[in-house]
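For reference, the structure discussed in these notes is given below.
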There are 2 protein chains.
Amino acid sequence: MNKPHSISIVGAGLVGSLLSIYLARRGYAVTVFDRRYDMRSHMLGGGRSINLALSNRGLRALGEVGLTVQTKLNSVPMKGRLMHDLSGQLTFQPYGKEGEYINSISRSGLNKFLINEAENLGVKFLFEHRCINVDAEKGELTFQQYSETTHQNSDLIIGADGAFSAIRGALQMTDRFEYSQTYIEHGYKELRIPPGPNGEFQLEKEALHIWPRQRFMLIALPNPDATFTCTLFFPFEGDPSFATLETDEDISQFFQKTFPDVVPLMPTLLEDFRDNPTSSLVTIRCYPWVRNKVVLIGDAAHGIVPFFGQGMNAGFEDCRILNQLLDASGDDWEKALPEFVRLRKPDADAIAQLALDNFIEMRDLVADPDFLLRKKIEARLHELYPSQWIPLYSMVTFNDNSRYSEALQTGMRQKQIMDDVMKTPSIETKWTQLDFGEIVSRIKRQK
Amino acid sequence: MNKPHSISIVGAGLVGSLLSIYLARRGYAVTVFDRRYDMRSHMLGGGRSINLALSNRGLRALGEVGLTVQTKLNSVPMKGRLMHDLSGQLTFQPYGKEGEYINSISRSGLNKFLINEAENLGVKFLFEHRCINVDAEKGELTFQQYSETTHQNSDLIIGADGAFSAIRGALQMTDRFEYSQTYIEHGYKELRIPPGPNGEFQLEKEALHIWPRQRFMLIALPNPDATFTCTLFFPFEGDPSFATLETDEDISQFFQKTFPDVVPLMPTLLEDFRDNPTSSLVTIRCYPWVRNKVVLIGDAAHGIVPFFGQGMNAGFEDCRILNQLLDASGDDWEKALPEFVRLRKPDADAIAQLALDNFIEMRDLVADPDFLLRKKIEARLHELYPSQWIPLYSMVTFNDNSRYSEALQTGMRQKQIMDDVMKTPSIETKWTQLDFGEIVSRIKRQK
């Protein structure tokens, strides 16, 4: 299989569709299978978030296949976090420097766009094909479509079928395949803020809104149609939790008490809360991603929680790195695939950890004045020494030349240094007088 | 399902068979399904060890159902570890006090005995039934026997189908099921020492033999027929490893150099090495063990590596604890099952960790004079203060009133104390003069 003649991708989601574009552009005959209906002709519900944060890593991959402009047209820039406290007071924390922002984009809109682009390049899409068996050695897939069973032989099978990947399920049965699925104690439920009476955004448009409440949080992302998609990240059990909010009365009272400023903006709160599913949040780790004629990519290889806004971006970066390794090896897949796993596995593990850590930052720390001061000091360090001190969030989100694993390491060093800096007496008032050059020099000393 | 009328156990291995005896004695109608042939009429090979170490926890459960005597008749007592160094020098380290020992017993012999006992109590066994689907809510199992598919409805399904449990596979697909499978870098291969020319044991009979070689080891357990079953625990990759022993010449040279005293006793070394499989070593962790009408038990709930000799013993203890909780609740399974998981999960996690730790002890530490001195001091502490200082190995192996999780905790405290004790100047010569009372008192102080 040095150069496969036929490639089957399982999963027509964001990553499978983008990868099919990359591979079609390289001249491969690609077929993409998906167990769901064609989302271009059916409304799809259930289990996936409505919008996503597209940032530099994802944009870079889209750019490589010539698709940046169109995607940006349909997104809303978010320049920072806007925190809402219990009294409705707002605090803004920019994500990066002037001109740096992330983009709220519709999952289904982007997905349909990528499928159309792929079809234009000759990729074949077969929907309503549920994969029921994988023979990794032979390269054979078995699909069920209604009551009919079909087989597909390929030189290479790519599992881009998400966190609950059927392709990975088959690898899991093979010897010495490392695998774990772990859930956090929180689930999530999506809610909605409609446009105002004149079709206007009812909250500041160009921000990611957070109602941080320590053990849990509500967030809201803007959509181009002037709505906001809100997500409540909330424990399944305990008090308060999804388990304790049983009646409409419970829900109303809880929201009135906990998120008072948002309640008037949510006319369908009770219906949304009752009708929308409560979804769980899983982290998937596995190894190796390549076995015989099968390779895993995106969430199928490394499902992560959404708190760093990097799930799609990491998957798109997978595609970019794989493409780069095919360039470097002259399309020798026997060389490119093991190298892909060797390079990407530590980065996938790093972003999984960063995403878990960022939940604590978002739901708790951003409400802490000390934490916001710390961010301010880091922003100043970055301003003064732009290449020597890049805050962790910026490394992950805006600096697509650095690897996730490097960002994690550097972030840990920065945290130690900042822990010490924050012990400076009267830091709240005297922080502008810090010896910023000396602080930056500690990064090197610690290495 | 307060009191189930029909119980299906999947897996006719050691734990499934013993559990069926417990439940038949309580008056339940039990059917046991197994995908394999009936081992009483077929030779079975592949993937399972030939003999096992039966110790107090396992014996206690067998005793409760009246089966201790018969099982002990077919076992060989092992009173300690007998270490073989490179020159063939032997060092003996007793497992416990005088009269404390573990028992080498045939897996298949014990299993057949338990199946026969269960059948005598009215348990129905259906072999060659491969479970291909589980409906946890309905309590329905689907089996394949040759080309025929059958369904079985039960009030309760018990998954006792081992580390690669099909029943657990179904639970894994349900929401918020925590699961991990992790492999160590070593595999194992079984080899054989036949009886001597006059039918005699060719090595000391009443011991577990170890050839500790730091990164890997060979062990040998006696069988009642005067053979020894040897197991090489050895890395899959690296040098040396299973990957580097390719030719007969490689194997011979490696054994001559590494285990010189055992080579003359192994006339079929090369055939055994070539013909016997190289098996991997997995640890399985999952949660919860109970969902709807399904419960997991034994390796299906907590597969562990074999280095503490506790896999079967832990599974038998599962049966004993479940039986005890049924006694306490008056057979109210709705109460007993959640309590079973609550009690046993921390113990399963503890023995999984202890088993991984013990590999390092067996393959490396037991060859270290400091370590053996440490064990001697601990034995003296135990002799002087029998209830206040019980060495970790004894807590796990002989003290079936203590929980694995307690043993792990106490063992960690003991290790800290002994690390300090071993820093005493000239400890090798002066250890008998230690203030043993003071050492024991540190256990309490640390708590």
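Residue numbers start at 1 in each chain; chains themselves are named A, B, ... in the order of the structure tokens; ligands are numbered from 1 in the order shown.
In chain B, the set of residues within 9 Å of chain A (atoms considered: only C-alpha atoms) is Phe164, Gln172, Met173, Asp175, Arg176, Phe177, Glu178, Tyr179, Ser180, Gln181, Thr182, Tyr183, Ile184, Ser279, Ser280, Leu281 and Val282 of chain B.
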Now that the selection is made, can you save its residues with N, CA and C atoms as a JSON list (two decimals), in the first residue's frame?
```json
[["chain", "number", "residue", "atom", "x", "y", "z"],
["B", 164, "PHE", "N", -11.90, -9.93, 27.91],
["B", 164, "PHE", "CA", -12.40, -9.44, 26.62],
["B", 164, "PHE", "C", -13.91, -9.65, 26.52],
["B", 172, "GLN", "N", -20.24, -0.84, 27.12],
["B", 172, "GLN", "CA", -19.33, 0.23, 26.69],
["B", 172, "GLN", "C", -19.98, 1.18, 25.70],
["B", 173, "MET", "N", -20.97, 0.69, 24.97],
["B", 173, "MET", "CA", -21.68, 1.52, 24.00],
["B", 173, "MET", "C", -22.71, 2.43, 24.68],
["B", 175, "ASP", "N", -24.18, 5.30, 27.40],
["B", 175, "ASP", "CA", -23.65, 6.61, 27.74],
["B", 175, "ASP", "C", -22.94, 6.62, 29.09],
["B", 176, "ARG", "N", -21.85, 7.37, 29.14],
["B", 176, "ARG", "CA", -21.11, 7.61, 30.38],
["B", 176, "ARG", "C", -20.59, 6.31, 31.03],
["B", 177, "PHE", "N", -20.16, 5.38, 30.18],
["B", 177, "PHE", "CA", -19.52, 4.17, 30.70],
["B", 177, "PHE", "C", -18.01, 4.37, 30.62],
["B", 178, "GLU", "N", -17.36, 4.39, 31.77],
["B", 178, "GLU", "CA", -15.91, 4.60, 31.81],
["B", 178, "GLU", "C", -15.22, 3.29, 31.47],
["B", 179, "TYR", "N", -14.21, 3.37, 30.61],
["B", 179, "TYR", "CA", -13.55, 2.13, 30.21],
["B", 179, "TYR", "C", -12.11, 2.37, 29.81],
["B", 180, "SER", "N", -11.22, 1.51, 30.24],
["B", 180, "SER", "CA", -9.86, 1.54, 29.68],
["B", 180, "SER", "C", -9.27, 0.15, 29.59],
["B", 181, "GLN", "N", -8.50, -0.08, 28.54],
["B", 181, "GLN", "CA", -7.69, -1.30, 28.40],
["B", 181, "GLN", "C", -6.27, -0.84, 28.15],
["B", 182, "THR", "N", -5.34, -1.27, 29.01],
["B", 182, "THR", "CA", -3.94, -0.87, 28.85],
["B", 182, "THR", "C", -3.06, -2.11, 28.93],
["B", 183, "TYR", "N", -2.07, -2.14, 28.07],
["B", 183, "TYR", "CA", -1.17, -3.29, 28.00],
["B", 183, "TYR", "C", 0.20, -2.92, 28.57],
["B", 184, "ILE", "N", 0.88, -3.87, 29.19],
["B", 184, "ILE", "CA", 2.27, -3.61, 29.54],
["B", 184, "ILE", "C", 3.13, -3.98, 28.34],
["B", 279, "SER", "N", 1.58, -14.29, 24.40],
["B", 279, "SER", "CA", 0.33, -13.63, 24.81],
["B", 279, "SER", "C", 0.63, -12.29, 25.44],
["B", 280, "SER", "N", -0.34, -11.39, 25.33],
["B", 280, "SER", "CA", -0.15, -10.05, 25.89],
["B", 280, "SER", "C", -0.78, -9.97, 27.28],
["B", 281, "LEU", "N", -0.49, -8.89, 27.98],
["B", 281, "LEU", "CA", -0.92, -8.73, 29.38],
["B", 281, "LEU", "C", -1.66, -7.41, 29.53],
["B", 282, "VAL", "N", -2.95, -7.52, 29.79],
["B", 282, "VAL", "CA", -3.81, -6.34, 29.78],
["B", 282, "VAL", "C", -4.35, -6.04, 31.18]]
```
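Distance-wise, CA of Gln388 in chain A and CA of Gly311 in chain A end up 26.9 Å apart.
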*Find the residues near Gly139 in chain A: any atom within 7 Å, counting only C-alpha atoms, skip ones fewer than 6 places away on the same chain, and give them as a VMD selection string.*
chain A and resid 153 to 157 293
*Would you kindly return, as a PyMOL selection string, each protein, DNA or RNA residue with an atom no farther than 12 Å from any atom of Asp368 in chain B, considering only C-alpha atoms and excluding same-chain residues fewer than 3 positions away?*
chain B and resi 83+85+91+212-214+360-365+371-375
Just N, CA and C atoms for this one: save the residues we selected as a PDB file, in the first residue's frame.
```pdb
ATOM      1  N   MET B  83      14.744 -17.961  44.315  1.00  0.00           N
ATOM      2  CA  MET B  83      15.359 -17.172  43.240  1.00  0.00           C
ATOM      3  C   MET B  83      16.606 -17.865  42.706  1.00  0.00           C
ATOM      4  N   ASP B  85      19.966 -17.226  40.523  1.00  0.00           N
ATOM      5  CA  ASP B  85      20.794 -16.189  39.890  1.00  0.00           C
ATOM      6  C   ASP B  85      21.510 -16.763  38.667  1.00  0.00           C
ATOM      7  N   THR B  91      18.328 -18.576  46.310  1.00  0.00           N
ATOM      8  CA  THR B  91      17.984 -17.809  47.512  1.00  0.00           C
ATOM      9  C   THR B  91      16.499 -18.024  47.780  1.00  0.00           C
ATOM     10  N   PRO B 212      15.020 -13.880  38.233  1.00  0.00           N
ATOM     11  CA  PRO B 212      14.797 -12.436  38.052  1.00  0.00           C
ATOM     12  C   PRO B 212      15.950 -11.839  37.255  1.00  0.00           C
ATOM     13  N   ARG B 213      15.634 -11.136  36.172  1.00  0.00           N
ATOM     14  CA  ARG B 213      16.700 -10.591  35.319  1.00  0.00           C
ATOM     15  C   ARG B 213      16.451  -9.115  35.016  1.00  0.00           C
ATOM     16  N   GLN B 214      15.953  -8.391  36.038  1.00  0.00           N
ATOM     17  CA  GLN B 214      15.691  -6.946  35.983  1.00  0.00           C
ATOM     18  C   GLN B 214      14.580  -6.559  35.023  1.00  0.00           C
ATOM     19  N   ILE B 360       7.552  -5.514  39.059  1.00  0.00           N
ATOM     20  CA  ILE B 360       8.877  -4.914  39.274  1.00  0.00           C
ATOM     21  C   ILE B 360       9.568  -5.617  40.437  1.00  0.00           C
ATOM     22  N   GLU B 361       8.793  -5.896  41.488  1.00  0.00           N
ATOM     23  CA  GLU B 361       9.377  -6.624  42.613  1.00  0.00           C
ATOM     24  C   GLU B 361       9.915  -7.978  42.170  1.00  0.00           C
ATOM     25  N   MET B 362       9.127  -8.716  41.410  1.00  0.00           N
ATOM     26  CA  MET B 362       9.515 -10.086  41.055  1.00  0.00           C
ATOM     27  C   MET B 362      10.676 -10.137  40.071  1.00  0.00           C
ATOM     28  N   ARG B 363      10.658  -9.247  39.093  1.00  0.00           N
ATOM     29  CA  ARG B 363      11.659  -9.380  38.032  1.00  0.00           C
ATOM     30  C   ARG B 363      12.969  -8.713  38.390  1.00  0.00           C
ATOM     31  N   ASP B 364      12.935  -7.799  39.374  1.00  0.00           N
ATOM     32  CA  ASP B 364      14.109  -6.978  39.648  1.00  0.00           C
ATOM     33  C   ASP B 364      14.491  -7.019  41.127  1.00  0.00           C
ATOM     34  N   LEU B 365      13.589  -6.557  41.997  1.00  0.00           N
ATOM     35  CA  LEU B 365      13.955  -6.343  43.395  1.00  0.00           C
ATOM     36  C   LEU B 365      14.366  -7.616  44.121  1.00  0.00           C
ATOM     37  N   PHE B 371      16.793  -5.501  49.268  1.00  0.00           N
ATOM     38  CA  PHE B 371      15.365  -5.795  49.264  1.00  0.00           C
ATOM     39  C   PHE B 371      15.072  -7.023  50.124  1.00  0.00           C
ATOM     40  N   LEU B 372      15.923  -8.019  50.023  1.00  0.00           N
ATOM     41  CA  LEU B 372      15.700  -9.240  50.804  1.00  0.00           C
ATOM     42  C   LEU B 372      15.874  -8.969  52.297  1.00  0.00           C
ATOM     43  N   LEU B 373      16.832  -8.077  52.633  1.00  0.00           N
ATOM     44  CA  LEU B 373      17.013  -7.689  54.033  1.00  0.00           C
ATOM     45  C   LEU B 373      15.760  -6.969  54.540  1.00  0.00           C
ATOM     46  N   ARG B 374      15.236  -6.087  53.691  1.00  0.00           N
ATOM     47  CA  ARG B 374      14.013  -5.364  54.024  1.00  0.00           C
ATOM     48  C   ARG B 374      12.873  -6.344  54.330  1.00  0.00           C
ATOM     49  N   LYS B 375      12.759  -7.373  53.517  1.00  0.00           N
ATOM     50  CA  LYS B 375      11.707  -8.379  53.730  1.00  0.00           C
ATOM     51  C   LYS B 375      11.938  -9.127  55.047  1.00  0.00           C
TER      52      LYS B 375
END
```
*DSSP strand (DSSP E or B) selection over range 240-395 of chain B, as a list in words*: Ser279, Ser280, Leu281, Val282, Thr283, Ile284, Arg285, Cys286, Tyr287, Val290, Arg291, Val294, Val295 and Leu296 of chain B
*Selection: 7 Å around Val341 in chain B, only C-alpha atoms, excl. self and same-chain fewer than 4 positions, as a VMD selection string*: chain B and resid 289 337 345
Go ahead and write the selection's residues with N, CA, C and O atoms as a compact mmCIF listing (two decimals), in the first residue's frame.
```
# COMPACT_ATOMS: atom_id res chain seq x y z
N TRP B 289 -20.18 -1.22 36.97
CA TRP B 289 -20.27 -2.65 36.64
C TRP B 289 -21.71 -3.10 36.49
O TRP B 289 -21.97 -4.23 36.07
N LEU B 337 -26.77 -5.09 44.37
CA LEU B 337 -25.86 -4.85 43.24
C LEU B 337 -25.14 -3.49 43.32
O LEU B 337 -23.92 -3.45 43.17
N LYS B 345 -15.34 -1.87 43.67
CA LYS B 345 -14.59 -1.09 42.68
C LYS B 345 -13.25 -0.60 43.25
O LYS B 345 -12.21 -0.78 42.60
```
*Output as a list of chain:residue names all residues of range 228-272 of chain A that backbone DSSP marks as alpha helix (DSSP H).*
A:Asp248, A:Glu249, A:Asp250, A:Ile251, A:Ser252, A:Gln253, A:Phe254, A:Phe255, A:Gln256, A:Lys257, A:Thr258, A:Leu269, A:Leu270, A:Glu271, A:Asp272
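If you count only C-alpha atoms and ignore residues fewer than 6 places along the chain from Ser252 in chain B, what sits within 9 Å of it is B:Val263, B:Leu269, B:Leu270.
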Would you output that residue set with N, CA and C atoms, as a PDB file, in the first residue's frame?
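The new file result.pdb reads:
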```pdb
ATOM      1  N   VAL B 263      18.234 -24.735  31.379  1.00  0.00           N
ATOM      2  CA  VAL B 263      18.277 -25.276  30.013  1.00  0.00           C
ATOM      3  C   VAL B 263      18.341 -26.807  29.986  1.00  0.00           C
ATOM      4  N   LEU B 269      12.502 -27.119  24.854  1.00  0.00           N
ATOM      5  CA  LEU B 269      12.535 -25.653  24.858  1.00  0.00           C
ATOM      6  C   LEU B 269      12.236 -25.049  23.479  1.00  0.00           C
ATOM      7  N   LEU B 270      12.941 -25.523  22.458  1.00  0.00           N
ATOM      8  CA  LEU B 270      12.798 -24.893  21.141  1.00  0.00           C
ATOM      9  C   LEU B 270      11.413 -25.111  20.551  1.00  0.00           C
TER      10      LEU B 270
END
```
Excluding Tyr385 in chain A and any residue of its chain fewer than 2 positions from it, enumerate the residues within 12 Å of it, using only C-alpha atoms, and give them as an mmCIF file with N, CA, C and O atoms, in the first residue's frame.
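Listed below is the output, selection.cif:
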```cif
data_model
loop_
_atom_site.group_PDB
_atom_site.id
_atom_site.type_symbol
_atom_site.label_atom_id
_atom_site.label_comp_id
_atom_site.auth_asym_id
_atom_site.auth_seq_id
_atom_site.Cartn_x
_atom_site.Cartn_y
_atom_site.Cartn_z
ATOM 1 N N GLU A 378 0.414 38.796 31.868
ATOM 2 C CA GLU A 378 0.897 37.969 30.757
ATOM 3 C C GLU A 378 0.733 38.693 29.413
ATOM 4 O O GLU A 378 1.590 38.572 28.534
ATOM 5 N N ALA A 379 -0.369 39.416 29.279
ATOM 6 C CA ALA A 379 -0.585 40.156 28.034
ATOM 7 C C ALA A 379 0.505 41.220 27.859
ATOM 8 O O ALA A 379 1.028 41.426 26.762
ATOM 9 N N ARG A 380 0.869 41.873 28.961
ATOM 10 C CA ARG A 380 1.929 42.882 28.902
ATOM 11 C C ARG A 380 3.271 42.228 28.535
ATOM 12 O O ARG A 380 4.034 42.747 27.707
ATOM 13 N N LEU A 381 3.543 41.076 29.160
ATOM 14 C CA LEU A 381 4.783 40.345 28.831
ATOM 15 C C LEU A 381 4.824 40.030 27.332
ATOM 16 O O LEU A 381 5.854 40.157 26.676
ATOM 17 N N HIS A 382 3.690 39.631 26.806
ATOM 18 C CA HIS A 382 3.608 39.260 25.391
ATOM 19 C C HIS A 382 3.811 40.479 24.498
ATOM 20 O O HIS A 382 4.468 40.406 23.451
ATOM 21 N N GLU A 383 3.269 41.600 24.967
ATOM 22 C CA GLU A 383 3.392 42.844 24.205
ATOM 23 C C GLU A 383 4.859 43.275 24.138
ATOM 24 O O GLU A 383 5.366 43.661 23.087
ATOM 25 N N SER A 387 7.895 37.292 21.060
ATOM 26 C CA SER A 387 8.252 35.925 20.681
ATOM 27 C C SER A 387 8.738 35.120 21.877
ATOM 28 O O SER A 387 8.868 33.900 21.818
ATOM 29 N N GLN A 388 9.005 35.794 23.021
ATOM 30 C CA GLN A 388 9.557 35.056 24.165
ATOM 31 C C GLN A 388 8.493 34.664 25.181
ATOM 32 O O GLN A 388 8.664 33.715 25.922
ATOM 33 N N TRP A 389 7.441 35.428 25.250
ATOM 34 C CA TRP A 389 6.354 35.083 26.177
ATOM 35 C C TRP A 389 5.034 35.124 25.418
ATOM 36 O O TRP A 389 4.466 36.191 25.193
ATOM 37 N N ILE A 390 4.580 33.962 25.011
ATOM 38 C CA ILE A 390 3.281 33.879 24.347
ATOM 39 C C ILE A 390 2.343 33.170 25.318
ATOM 40 O O ILE A 390 2.598 32.030 25.700
ATOM 41 N N PRO A 391 1.275 33.841 25.766
ATOM 42 C CA PRO A 391 0.369 33.188 26.732
ATOM 43 C C PRO A 391 -0.169 31.873 26.164
ATOM 44 O O PRO A 391 -0.315 31.726 24.939
ATOM 45 N N PHE A 436 9.760 43.239 33.918
ATOM 46 C CA PHE A 436 9.233 42.273 32.946
ATOM 47 C C PHE A 436 10.351 41.509 32.223
ATOM 48 O O PHE A 436 10.218 40.331 31.918
ATOM 49 N N GLY A 437 11.458 42.221 31.980
ATOM 50 C CA GLY A 437 12.599 41.560 31.318
ATOM 51 C C GLY A 437 13.135 40.409 32.143
ATOM 52 O O GLY A 437 13.428 39.322 31.625
ATOM 53 N N GLU A 438 13.203 40.636 33.456
ATOM 54 C CA GLU A 438 13.709 39.586 34.345
ATOM 55 C C GLU A 438 12.741 38.401 34.363
ATOM 56 O O GLU A 438 13.157 37.242 34.342
ATOM 57 N N ILE A 439 11.443 38.702 34.378
ATOM 58 C CA ILE A 439 10.440 37.627 34.406
ATOM 59 C C ILE A 439 10.571 36.755 33.160
ATOM 60 O O ILE A 439 10.599 35.522 33.238
ATOM 61 N N VAL A 440 10.692 37.414 32.000
ATOM 62 C CA VAL A 440 10.810 36.658 30.753
ATOM 63 C C VAL A 440 12.067 35.792 30.753
ATOM 64 O O VAL A 440 12.065 34.661 30.275
ATOM 65 N N SER A 441 13.144 36.318 31.352
ATOM 66 C CA SER A 441 14.414 35.571 31.328
ATOM 67 C C SER A 441 14.320 34.272 32.144
ATOM 68 O O SER A 441 15.087 33.351 31.930
ATOM 69 N N ILE A 443 12.070 32.026 31.938
ATOM 70 C CA ILE A 443 11.648 30.938 31.046
ATOM 71 C C ILE A 443 12.859 30.140 30.601
ATOM 72 O O ILE A 443 12.882 28.911 30.666
#
```
